[in-house]
Every structure is written in C-alpha cells, then in structure tokens.
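Below: one structure, written as structure tokens.
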Amino acid sequence: MATDPFLQRFNLTMKVQGTEGCSSSTELFPDTGYAGRRNVYLAVKGMVYVVGQYDARVIDFLTCRTSLSEFRHLDREVIFLGSFDHDEEKRWRYFSSSQRPELPFAKR
C-alpha cells in the first residue's frame, strides 16, 4: 500500500501464453505513482524473469507456471529483452531492448 494517500495506485496483472498453448495470469506488485516498470530477461532453460523495483517473477513458458522469487535466487547471467513501462504520454507499453536500453531501478 502506498504511504502517500495522493499517489495513484494501479493493480497490474501479467498474462502469459506459453509455447505449448498453456496460459495463466498473476498479480504483480502494485504500481504507485508510475513507479511500476518491469524489466524482462531471458534466463537459462527457457525461463523468463519479470523484475520490478520490489518484486521478481519467474515464468516457465512450457508450463505457464509463474512464481514469485527473491532477488538473490535469480540467475545473474541473463539477456535483457525489454521492459514494460510508461511512455511520454503515461501509457503503459512494452519497449524492446532495441528501442530502449536497460534502465536500472532507483536505489532506496
């Protein structure tokens, strides 16, 4: 929950459709005040990481299983694919790695 009562709060849902025809959805950490960017990485064995400022999800695209993971358990050898973020008009969209380089998260 946001500590500032005037910040906007958006509930984010990630929907996954796997390579074998499976599908699933999961709730992500809420976006408060346009701080909800999610970086997407390709990891070993077909796993995809969706990493936000406060949470990390691991997706198995063969089974569509999504799990919450602690940052320390994520592989460090990954390929940055892109990010979901707000554009200049504050619309939520996907930016591929060729459109925009990886942006670090602010340290708090």
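The way I read the labels, and the way they are meant: chains A, B, ... in the order of the structure tokens, residue 1 as the first residue of every chain, and ligand 1 as the first ligand shown, with later ones counted on from there.
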
**Message:** When DSSP is applied to the backbone of this structure, which of segment 60-105 of chain A are assigned strand (DSSP E)? Write them out as a ChimeraX atom specification.
**Reply:** /A:60,65-68,79-86,92-96

**Request:** Please provide as a PyMOL selection string all residues within 9 Å of segment 81-98 of chain A, with the sequence filter that same-chain residues fewer than 6 positions apart are discarded (counting only C-alpha atoms).
**Result:** chain A and resi 34-42+50

**Message:** Just list as JSON, numbers by chain whatever in chain A DSSP marks as helix (DSSP H, G or I).
**Reply:** {"A": [44, 45, 46, 71, 72, 73]}

**Message:** Give me, as a VMD selection string, all polymer residues having an atom no more than 8 Å from segment 53-59 of chain A, counting only C-alpha atoms and skipping those fewer than 4 positions away in the same chain.
**Reply:** chain A and resid 28 to 29 35 to 38 47 to 49 64 to 71 105 to 106

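The shortest atom-to-atom distance to Asp75 of chain A, with only C-alpha atoms taken into account, belongs to A:Lys45 out of A:Lys45, A:Leu103, A:Ser25, A:Gln17.
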
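From atom CA of Val51 of chain A back to atom CA of Pro101 of chain A, the distance works out to 15.1 Å.
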
**atom CA of Thr19 of chain A to atom CA of Leu62 of chain A, distance in Å rounded to a single decimal** = 6.0 Å

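Near Val44 of chain A, within 10 Å and counting only C-alpha atoms, sit Asp75, Glu77, Val78 and Ile79 of chain A; same-chain residues fewer than 5 positions away were not included.
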